[in-house]
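*Asks:* Just dropping this structure here.
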Amino acid sequence: MIDLIFPDGSQRQVEPGQTGRDIAASISKSLEKKAALIRLEGELIDLDRPLPKGGRFEILTRDHPDVLETIRHDVSHIMAEAVQELFPGTQVTIGPSIEDGFYYDFAREEPFSLDDLEKIEARMKEIVDRDEKIVREEWDRAEAVKHFDEIGEKYKAEIIENLPAGETITVYRQGQWKDLCRGPHLPSTKTAGKAFKLTKLAGAYWRGDHRNPMLQRIYGTAWASEEDLEAHLKRLEEAEKRDHRKIGQAMDLFHIQEEGKGMIFWHPKGWKLYQTLQAYIRRNLEAEGYVEVKTPQVLDRVLWEKSGHWDKFHASMFTCETAEGEVLALKPMNCPGHVQVFNQGQRSYRELPIRMAEFDGLHRYESSGGLHGLLRVRGMAQDDGHIFCRDDQIEEESKAFVRLLQQVYADLEVELHSVKLALRPELRHGSDELWDIAEQKLERAALACGIEVEKLPNEGAFYGPKLEFHLRDAIGRTWQCGTLQLDYVLPERLDASYIGEDGQKHRPVMLHRAILGTLERFLGVLIEHHAGAFPLWLAPTQVVVATITSDADGYAEDAARRLRAAGLRVETDLRNEKINYKVREHSLAKTPVIAVVGRREAEEGKVALRRLGSQDQEVLSLDDAIRGLRKNATSPDMARGELL
């Protein structure tokens, strides 16, 4: 007999060979109809698969959130079946579910077209209507290799040959179509539903290796309901409008070119935006007692070996060898350098905590295919900081960091969505006992801040657990930017110490922390969040003084000088163009305020202010306009200081 424990704590013994469907039917016919998968000891299993063991047991209906990934996996199989029906001779390779959807890689001589996607979608819906039963089968390895070879599926045969010895070979069959797959899957193609959409085509090397053949990848999205699909497609449409690369080009903020892959060429307006954000976060750190340092860009391999980064990250480092045989690396992070600063001279427990910050450039190798505008780069800077403290200071320092992060996010008009606790990875430094202590202390620190955390097994850094702070943008997407990591390992490896109250040497605890994370990435997020329409204090150009006629040119230039003297970032537009054309052009460039001046405004010492997003204009004296704009353009932290 097999013992099952249900979610309400009740228990039942069932005969070997029983399936999840059998048990659902024994409870009620309506549950059997709704059932999609079962969860047994935390593992999702096909509804019609005989139960392999006993344990904690749950029946999941199609609308359960944990079924969505399986729906997407099913739809990827349905897509592959449709492709092979429509385009005989096409080979399938791999087709996983991914965030918000799925993809499948195909080997085919002739390229797919966007028109083909419509045909494939139509055939997919036919396959759903066929209600093909999805059946799990276990195959002998040699027979599986032979079968897929014989039907021309060379990639599938290679995958099977490379599977670990002893691994069960499972094939899922739907109708006459079949594919190598671990599963699980829903009972039939009809269960997957029709809430799907094929979204784009791309190229992908077999097994991600550029030396291998290029395959054709079809991406799609799938959801539990048509309403969810429609909402997602609207989000995609909005995200397309907010693409930071397009907005960056329209606003003349930055560009990237082939000769500097992953490196940003900041234009004057973009660099002003960058500097404004950096100055804002720098002021906040100074107010919290951080001291800023600058450490070398290039350091010897020896230091990276001592810190443990060489073993873990050397493939992501840019390195060179000197004529003297030195192996040097551009720094991918600041922490080892900050420990070197801490180690200069003898430290006392009375000095702690020492909060150290740096904004210097970092470099990390990312594959060309992974680069994406400002969001994934090779050259970057961070609002990096390291707090050297005692054990008894961890909670207070963590609370202070969280308070600051919450204030910064509020100032930048983004929402703190969730906090996740990333736990020990398989490859790590330090004993299990040390990791137990670090994880417990970081979780307690989060709770002391009133934060409920979601735990992420195996996601921590190699030297310690970390809190990940995820923000949510204007269209509901989440981004992981802020981080707080607790580290006992690096101070030990790099021999950091302080003299305690007892006169003995002690190891400091090291808190690695960032609020924005990578400035480039955070700016990409901000551009898309605000759709380029930044708050006045942050906008690279805050005011454009635009003339109606050339008679007002002198007055416009004088007004611009006075606005600049008041600390505003100002441009003039004296072109011989109609004012409506100028207003439209500067509105498209997301200029927050356009100060329109003509002969009358020049004679009366006034300006007509037009604010982005409004059709109205406000006529003020130049003095009143300067006072009002200066106040509105004050950064939130400076405004708080003025109120004290």
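Residue numbers start at 1 in each chain; chains themselves are named A, B, ... in the order of the structure tokens; ligands are numbered from 1 in the order shown.
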Among segment 148-396 of chain A, which ones does DSSP assign to alpha helix (DSSP H) (computed from the backbone)? Answer as a PyMOL selection string.
*Replies:* chain A and resi 148-150+154-161+189-192+226-241+244-250+268-287+301-307+309-313+335-342+394-396
*Asks:* List every residue of segment 458-498 of chain A that DSSP, applied to the backbone of this structure, places in strand (DSSP E or B), and write the result as a PyMOL selection string.
*Replies:* chain A and resi 461+464+466-472+478-487+498
*Asks:* Considering only C-alpha atoms, give me a table of residues in segment 144-259 of chain A that are at most 12 Å from segment 367-374 of chain A, with the closest atom pair and distance in Å for each, as JSON lines.
*Replies:*
```
{"residue": "A:Ala202", "atom": "CA", "partner": "A:Gly369", "partner_atom": "CA", "distance": 11.1}
{"residue": "A:Gly203", "atom": "CA", "partner": "A:Gly369", "partner_atom": "CA", "distance": 10.2}
{"residue": "A:Ala204", "atom": "CA", "partner": "A:Gly369", "partner_atom": "CA", "distance": 9.2}
{"residue": "A:Tyr205", "atom": "CA", "partner": "A:Gly369", "partner_atom": "CA", "distance": 10.4}
{"residue": "A:Gly208", "atom": "CA", "partner": "A:Gly369", "partner_atom": "CA", "distance": 9.6}
{"residue": "A:Asp209", "atom": "CA", "partner": "A:Ser367", "partner_atom": "CA", "distance": 11.0}
{"residue": "A:His210", "atom": "CA", "partner": "A:Gly369", "partner_atom": "CA", "distance": 10.4}
{"residue": "A:Asp243", "atom": "CA", "partner": "A:Gly373", "partner_atom": "CA", "distance": 9.5}
{"residue": "A:His244", "atom": "CA", "partner": "A:Gly373", "partner_atom": "CA", "distance": 7.7}
{"residue": "A:Arg245", "atom": "CA", "partner": "A:Gly373", "partner_atom": "CA", "distance": 6.1}
{"residue": "A:Lys246", "atom": "CA", "partner": "A:Gly373", "partner_atom": "CA", "distance": 9.9}
{"residue": "A:Ile247", "atom": "CA", "partner": "A:Gly373", "partner_atom": "CA", "distance": 11.3}
{"residue": "A:Gly248", "atom": "CA", "partner": "A:Gly373", "partner_atom": "CA", "distance": 9.7}
{"residue": "A:Gln249", "atom": "CA", "partner": "A:Gly373", "partner_atom": "CA", "distance": 11.2}
{"residue": "A:Leu253", "atom": "CA", "partner": "A:Leu374", "partner_atom": "CA", "distance": 11.3}
{"residue": "A:Phe254", "atom": "CA", "partner": "A:Leu374", "partner_atom": "CA", "distance": 9.4}
{"residue": "A:His255", "atom": "CA", "partner": "A:Gly373", "partner_atom": "CA", "distance": 8.6}
{"residue": "A:Ile256", "atom": "CA", "partner": "A:Gly373", "partner_atom": "CA", "distance": 7.5}
{"residue": "A:Gln257", "atom": "CA", "partner": "A:Gly373", "partner_atom": "CA", "distance": 10.5}
{"residue": "A:Glu258", "atom": "CA", "partner": "A:Ser368", "partner_atom": "CA", "distance": 10.1}
{"residue": "A:Glu259", "atom": "CA", "partner": "A:Ser368", "partner_atom": "CA", "distance": 11.9}
```
*Asks:* In Å, with one decimal, what is the gap from atom CA of Asn284 of chain A to atom CA of Asp637 of chain A?
*Replies:*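 Spanning atom CA of Asn284 of chain A to atom CA of Asp637 of chain A is a straight-line distance of 7.4 Å.
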*Asks:* For segment 347-357 of chain A, list every protein, DNA or RNA residue within 9 Å, evaluated using only C-alpha atoms, and leave out those in the same chain fewer than 3 positions away; present the list as JSON, numbers by chain.
*Replies:* {"A": [282, 285, 288, 289, 290, 291, 292, 293, 294, 338, 342, 343, 344, 383, 384, 385, 386, 387, 388, 389, 390, 393, 397, 497, 498, 499, 500, 501, 506, 508]}
*Asks:* Okay, now the selection with N, CA and C atoms, as a compact mmCIF listing (two decimals), in the first residue's frame?
*Replies:*
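Dumped everything to result29.txt:
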```
# COMPACT_ATOMS: atom_id res chain seq x y z
N ARG A 282 25.06 59.64 -4.15
CA ARG A 282 26.27 59.98 -3.39
C ARG A 282 25.92 60.85 -2.18
N LEU A 285 24.39 58.68 0.51
CA LEU A 285 25.38 57.86 1.20
C LEU A 285 26.21 58.69 2.18
N GLU A 288 24.47 59.24 5.29
CA GLU A 288 24.40 58.04 6.13
C GLU A 288 25.76 57.64 6.70
N GLY A 289 26.77 58.48 6.51
CA GLY A 289 28.06 58.22 7.13
C GLY A 289 29.02 57.37 6.31
N TYR A 290 28.78 57.23 5.00
CA TYR A 290 29.70 56.49 4.16
C TYR A 290 30.90 57.36 3.80
N VAL A 291 32.05 56.72 3.68
CA VAL A 291 33.24 57.40 3.18
C VAL A 291 33.54 56.83 1.80
N GLU A 292 33.86 57.71 0.84
CA GLU A 292 34.08 57.26 -0.52
C GLU A 292 35.56 57.02 -0.76
N VAL A 293 35.87 55.93 -1.48
CA VAL A 293 37.25 55.58 -1.80
C VAL A 293 37.35 55.34 -3.30
N LYS A 294 38.57 55.19 -3.77
CA LYS A 294 38.80 54.81 -5.17
C LYS A 294 39.92 53.77 -5.18
N HIS A 338 38.31 47.01 -1.40
CA HIS A 338 37.86 47.68 -0.19
C HIS A 338 38.45 47.02 1.06
N PHE A 342 40.64 48.72 4.10
CA PHE A 342 40.36 48.45 5.51
C PHE A 342 41.61 47.94 6.23
N ASN A 343 42.42 47.14 5.53
CA ASN A 343 43.57 46.50 6.17
C ASN A 343 44.75 47.44 6.41
N GLN A 344 44.68 48.65 5.90
CA GLN A 344 45.80 49.57 6.09
C GLN A 344 45.73 50.18 7.49
N ASP A 383 26.50 51.67 -7.42
CA ASP A 383 26.51 52.45 -6.17
C ASP A 383 26.97 51.47 -5.09
N ASP A 384 28.22 51.07 -5.25
CA ASP A 384 28.77 49.97 -4.47
C ASP A 384 29.15 50.42 -3.07
N GLY A 385 28.94 49.56 -2.12
CA GLY A 385 29.33 49.89 -0.76
C GLY A 385 29.58 48.63 0.06
N HIS A 386 30.49 48.75 1.02
CA HIS A 386 30.79 47.64 1.92
C HIS A 386 30.85 48.17 3.34
N ILE A 387 30.11 47.50 4.20
CA ILE A 387 30.07 47.89 5.61
C ILE A 387 30.86 46.87 6.40
N PHE A 388 31.91 47.33 7.07
CA PHE A 388 32.70 46.48 7.95
C PHE A 388 32.18 46.71 9.37
N CYS A 389 31.65 45.66 9.99
CA CYS A 389 31.01 45.85 11.29
C CYS A 389 31.23 44.64 12.19
N ARG A 390 30.80 44.77 13.43
CA ARG A 390 30.83 43.66 14.39
C ARG A 390 29.54 42.85 14.25
N GLN A 393 26.36 44.44 15.34
CA GLN A 393 25.90 45.61 14.58
C GLN A 393 25.16 45.23 13.30
N GLU A 397 22.70 47.84 11.14
CA GLU A 397 23.20 48.26 9.84
C GLU A 397 22.25 47.81 8.73
N SER A 497 41.00 42.28 10.05
CA SER A 497 40.80 42.13 11.49
C SER A 497 40.70 43.50 12.15
N TYR A 498 40.17 43.50 13.37
CA TYR A 498 40.16 44.69 14.22
C TYR A 498 40.44 44.24 15.65
N ILE A 499 40.85 45.18 16.46
CA ILE A 499 41.12 44.89 17.86
C ILE A 499 39.85 45.11 18.66
N GLY A 500 39.39 44.06 19.31
CA GLY A 500 38.15 44.12 20.06
C GLY A 500 38.32 44.76 21.42
N GLU A 501 37.20 44.86 22.13
CA GLU A 501 37.22 45.45 23.47
C GLU A 501 38.10 44.65 24.41
N HIS A 506 39.87 40.28 16.07
CA HIS A 506 38.61 39.68 15.66
C HIS A 506 38.39 39.96 14.18
N PRO A 508 36.06 41.20 11.19
CA PRO A 508 34.84 41.97 10.98
C PRO A 508 33.85 41.17 10.12
```
*Asks:* Please, what distance in Å, to one decimal, runs between atom CA of Thr549 of chain A and atom CA of Asn632 of chain A?
*Replies:*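 Computed distance, atom CA of Thr549 of chain A to atom CA of Asn632 of chain A, equals 28.2 Å.
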*Asks:* Give me, as a PyMOL selection string, all polymer residues having an atom no more than 12 Å from Gly54 of chain A, counting only C-alpha atoms and skipping those fewer than 3 positions away in the same chain.
*Replies:* chain A and resi 1-6+11-20+39-43+50-51+57-58
*Asks:* Generate the output file for the selected residues, N, CA and C atoms, as a PDB file, in the first residue's frame.
*Replies:*
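Okay, selection.pdb is ready:
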```
ATOM      1  N   MET A   1       0.836  -1.204   0.000  1.00  0.00           N
ATOM      2  CA  MET A   1       0.000   0.000   0.000  1.00  0.00           C
ATOM      3  C   MET A   1       0.875   1.261   0.000  1.00  0.00           C
ATOM      4  N   ILE A   2       0.305   2.337  -0.535  1.00  0.00           N
ATOM      5  CA  ILE A   2       1.005   3.620  -0.572  1.00  0.00           C
ATOM      6  C   ILE A   2       0.268   4.586   0.349  1.00  0.00           C
ATOM      7  N   ASP A   3       1.026   5.234   1.239  1.00  0.00           N
ATOM      8  CA  ASP A   3       0.439   6.186   2.189  1.00  0.00           C
ATOM      9  C   ASP A   3       0.535   7.604   1.623  1.00  0.00           C
ATOM     10  N   LEU A   4      -0.617   8.280   1.549  1.00  0.00           N
ATOM     11  CA  LEU A   4      -0.672   9.648   1.060  1.00  0.00           C
ATOM     12  C   LEU A   4      -1.150  10.583   2.158  1.00  0.00           C
ATOM     13  N   ILE A   5      -0.532  11.780   2.205  1.00  0.00           N
ATOM     14  CA  ILE A   5      -0.920  12.805   3.173  1.00  0.00           C
ATOM     15  C   ILE A   5      -1.468  13.993   2.388  1.00  0.00           C
ATOM     16  N   PHE A   6      -2.732  14.340   2.599  1.00  0.00           N
ATOM     17  CA  PHE A   6      -3.393  15.414   1.862  1.00  0.00           C
ATOM     18  C   PHE A   6      -3.112  16.772   2.508  1.00  0.00           C
ATOM     19  N   GLN A  11      -5.011  11.474   5.916  1.00  0.00           N
ATOM     20  CA  GLN A  11      -4.171  10.459   5.293  1.00  0.00           C
ATOM     21  C   GLN A  11      -5.033   9.374   4.669  1.00  0.00           C
ATOM     22  N   ARG A  12      -4.471   8.753   3.621  1.00  0.00           N
ATOM     23  CA  ARG A  12      -5.188   7.665   2.960  1.00  0.00           C
ATOM     24  C   ARG A  12      -4.178   6.675   2.410  1.00  0.00           C
ATOM     25  N   GLN A  13      -4.541   5.389   2.480  1.00  0.00           N
ATOM     26  CA  GLN A  13      -3.737   4.345   1.855  1.00  0.00           C
ATOM     27  C   GLN A  13      -4.379   3.959   0.532  1.00  0.00           C
ATOM     28  N   VAL A  14      -3.549   3.858  -0.523  1.00  0.00           N
ATOM     29  CA  VAL A  14      -4.067   3.474  -1.834  1.00  0.00           C
ATOM     30  C   VAL A  14      -3.250   2.312  -2.377  1.00  0.00           C
ATOM     31  N   GLU A  15      -3.848   1.591  -3.307  1.00  0.00           N
ATOM     32  CA  GLU A  15      -3.190   0.453  -3.926  1.00  0.00           C
ATOM     33  C   GLU A  15      -2.069   0.927  -4.848  1.00  0.00           C
ATOM     34  N   PRO A  16      -0.976   0.181  -4.922  1.00  0.00           N
ATOM     35  CA  PRO A  16       0.056   0.495  -5.919  1.00  0.00           C
ATOM     36  C   PRO A  16      -0.549   0.483  -7.323  1.00  0.00           C
ATOM     37  N   GLY A  17      -0.077   1.373  -8.165  1.00  0.00           N
ATOM     38  CA  GLY A  17      -0.615   1.466  -9.519  1.00  0.00           C
ATOM     39  C   GLY A  17      -1.701   2.507  -9.673  1.00  0.00           C
ATOM     40  N   GLN A  18      -2.195   3.044  -8.550  1.00  0.00           N
ATOM     41  CA  GLN A  18      -3.208   4.094  -8.623  1.00  0.00           C
ATOM     42  C   GLN A  18      -2.580   5.370  -9.203  1.00  0.00           C
ATOM     43  N   THR A  19      -3.398   6.135  -9.917  1.00  0.00           N
ATOM     44  CA  THR A  19      -2.950   7.401 -10.500  1.00  0.00           C
ATOM     45  C   THR A  19      -3.614   8.565  -9.783  1.00  0.00           C
ATOM     46  N   GLY A  20      -3.131   9.740 -10.073  1.00  0.00           N
ATOM     47  CA  GLY A  20      -3.762  10.930  -9.521  1.00  0.00           C
ATOM     48  C   GLY A  20      -5.204  11.052  -9.977  1.00  0.00           C
ATOM     49  N   ARG A  39       0.855  16.946  -7.212  1.00  0.00           N
ATOM     50  CA  ARG A  39       2.139  17.249  -6.589  1.00  0.00           C
ATOM     51  C   ARG A  39       2.370  16.197  -5.521  1.00  0.00           C
ATOM     52  N   LEU A  40       3.481  15.497  -5.651  1.00  0.00           N
ATOM     53  CA  LEU A  40       3.818  14.425  -4.716  1.00  0.00           C
ATOM     54  C   LEU A  40       5.192  14.703  -4.144  1.00  0.00           C
ATOM     55  N   GLU A  41       5.224  14.949  -2.828  1.00  0.00           N
ATOM     56  CA  GLU A  41       6.486  15.301  -2.159  1.00  0.00           C
ATOM     57  C   GLU A  41       7.187  16.460  -2.873  1.00  0.00           C
ATOM     58  N   GLY A  42       6.382  17.453  -3.287  1.00  0.00           N
ATOM     59  CA  GLY A  42       6.923  18.658  -3.906  1.00  0.00           C
ATOM     60  C   GLY A  42       7.188  18.557  -5.388  1.00  0.00           C
ATOM     61  N   GLU A  43       7.060  17.354  -5.974  1.00  0.00           N
ATOM     62  CA  GLU A  43       7.338  17.157  -7.397  1.00  0.00           C
ATOM     63  C   GLU A  43       6.031  17.082  -8.180  1.00  0.00           C
ATOM     64  N   PRO A  50       1.059   6.282 -12.814  1.00  0.00           N
ATOM     65  CA  PRO A  50       0.963   5.546 -11.550  1.00  0.00           C
ATOM     66  C   PRO A  50       1.869   6.183 -10.497  1.00  0.00           C
ATOM     67  N   LEU A  51       1.361   6.321  -9.288  1.00  0.00           N
ATOM     68  CA  LEU A  51       2.134   6.987  -8.238  1.00  0.00           C
ATOM     69  C   LEU A  51       3.397   6.191  -7.937  1.00  0.00           C
ATOM     70  N   PHE A  57       0.666  14.764  -0.722  1.00  0.00           N
ATOM     71  CA  PHE A  57      -0.042  14.612  -2.001  1.00  0.00           C
ATOM     72  C   PHE A  57      -1.043  15.746  -2.182  1.00  0.00           C
ATOM     73  N   GLU A  58      -1.070  16.323  -3.408  1.00  0.00           N
ATOM     74  CA  GLU A  58      -2.001  17.411  -3.696  1.00  0.00           C
ATOM     75  C   GLU A  58      -2.461  17.315  -5.145  1.00  0.00           C
TER      76      GLU A  58
END
```
*Asks:* Compare A:Leu516, A:Ala474, A:Leu588, A:Ala36 by their minimum atom-to-atom distance to Met251 of chain A, counting only C-alpha atoms, and give me the closest one.
*Replies:*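 For Met251 of chain A, the nearest of the given residues is A:Leu588.
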*Asks:* Using only C-alpha atoms, which of A:Lys119, A:Lys455, A:Lys399, A:His73 sits nearest Arg182 of chain A?
*Replies:*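 Closest candidate: A:His73.
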*Asks:* For Gly166 of chain A, find every residue with an atom within 12 Å (counting only C-alpha atoms), except residues of its own chain fewer than 6 positions away, and show them as an mmCIF file with C-alpha atoms, in the first residue's frame.
*Replies:*
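Once written, part.cif looks like this:
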```
data_model
loop_
_atom_site.group_PDB
_atom_site.id
_atom_site.type_symbol
_atom_site.label_atom_id
_atom_site.label_comp_id
_atom_site.auth_asym_id
_atom_site.auth_seq_id
_atom_site.Cartn_x
_atom_site.Cartn_y
_atom_site.Cartn_z
ATOM 1 C CA ASP A 140 15.275 1.698 -23.684
ATOM 2 C CA ARG A 141 18.187 4.048 -24.414
ATOM 3 C CA ILE A 160 19.755 10.871 -25.669
#
```
*Asks:* Could you name the residues that touch Thr478 of chain A at 12 Å or less, counting only C-alpha atoms, but leaving out those on the same chain fewer than 5 positions away, as a ChimeraX atom specification?
*Replies:* /A:414-419,468-473,525,529
*Asks:* Taking N, CA and C atoms for each residue, export the selection above as a short mmCIF file (atom, residue, chain, number, x, y, z; two decimals), in the first residue's frame.
*Replies:*
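What follows is the written file again.cif:
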```cif
data_model
loop_
_atom_site.label_atom_id
_atom_site.label_comp_id
_atom_site.auth_asym_id
_atom_site.auth_seq_id
_atom_site.Cartn_x
_atom_site.Cartn_y
_atom_site.Cartn_z
N VAL A 414 9.66 54.49 -7.85
CA VAL A 414 9.52 53.08 -8.15
C VAL A 414 9.08 52.38 -6.87
N GLU A 415 8.44 51.23 -7.04
CA GLU A 415 7.84 50.52 -5.90
C GLU A 415 8.70 49.32 -5.52
N LEU A 416 9.00 49.18 -4.22
CA LEU A 416 9.66 47.97 -3.73
C LEU A 416 8.63 46.85 -3.74
N HIS A 417 8.82 45.89 -4.62
CA HIS A 417 7.82 44.84 -4.84
C HIS A 417 7.99 43.66 -3.90
N SER A 418 9.22 43.15 -3.77
CA SER A 418 9.44 41.97 -2.94
C SER A 418 10.91 41.88 -2.55
N VAL A 419 11.16 41.07 -1.53
CA VAL A 419 12.53 40.84 -1.07
C VAL A 419 12.73 39.33 -0.98
N GLU A 468 17.81 40.04 -1.89
CA GLU A 468 17.61 40.67 -3.19
C GLU A 468 16.36 41.54 -3.12
N PHE A 469 16.48 42.79 -3.51
CA PHE A 469 15.37 43.74 -3.46
C PHE A 469 14.85 43.94 -4.88
N HIS A 470 13.60 43.54 -5.10
CA HIS A 470 12.99 43.60 -6.42
C HIS A 470 12.02 44.78 -6.47
N LEU A 471 12.18 45.64 -7.45
CA LEU A 471 11.25 46.76 -7.61
C LEU A 471 10.26 46.45 -8.73
N ARG A 472 9.14 47.16 -8.74
CA ARG A 472 8.14 47.00 -9.79
C ARG A 472 7.99 48.31 -10.53
N ASP A 473 7.96 48.23 -11.87
CA ASP A 473 7.88 49.45 -12.66
C ASP A 473 6.44 49.79 -13.03
N VAL A 525 16.20 50.78 -16.57
CA VAL A 525 14.91 50.53 -15.91
C VAL A 525 14.15 51.84 -15.73
N HIS A 529 10.58 52.87 -17.08
CA HIS A 529 9.56 53.13 -16.05
C HIS A 529 8.87 54.47 -16.30
#
```
*Asks:* Quick one: residues within 8 Å of segment 112-115 of chain A, only C-alpha atoms, excluding same-chain residues fewer than 6 positions away - as a compact mmCIF listing (two decimals) with C-alpha atoms, in the first residue's frame?
*Replies:*
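Generated output (result_34.txt):
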```
# COMPACT_ATOMS: atom_id res chain seq x y z
CA LYS A 200 9.11 36.30 -32.66
CA LEU A 201 11.83 34.49 -34.59
CA GLN A 216 15.82 28.68 -35.92
```
*Asks:* Just checking: using only C-alpha atoms, which residue out of A:Ala381, A:Ile27, A:Ala144, A:Ile218 ends up closest to Arg521 of chain A?
*Replies:*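 Closest candidate: A:Ala381.
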*Asks:* Could you work out how far atom CA of Arg428 of chain A lies from atom CA of Gly460 of chain A, giving the answer in Å with one decimal?
*Replies:*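 Value for the atom CA of Gly460 of chain A-atom CA of Arg428 of chain A distance: 8.9 Å.
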*Asks:* Just checking: using only C-alpha atoms, which residue out of A:Val67, A:Lys269, A:Asn334, A:Lys178 ends up closest to Ala222 of chain A?
*Replies:*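 Among A:Val67, A:Lys269, A:Asn334, A:Lys178, it is A:Val67 that comes nearest to Ala222 of chain A.
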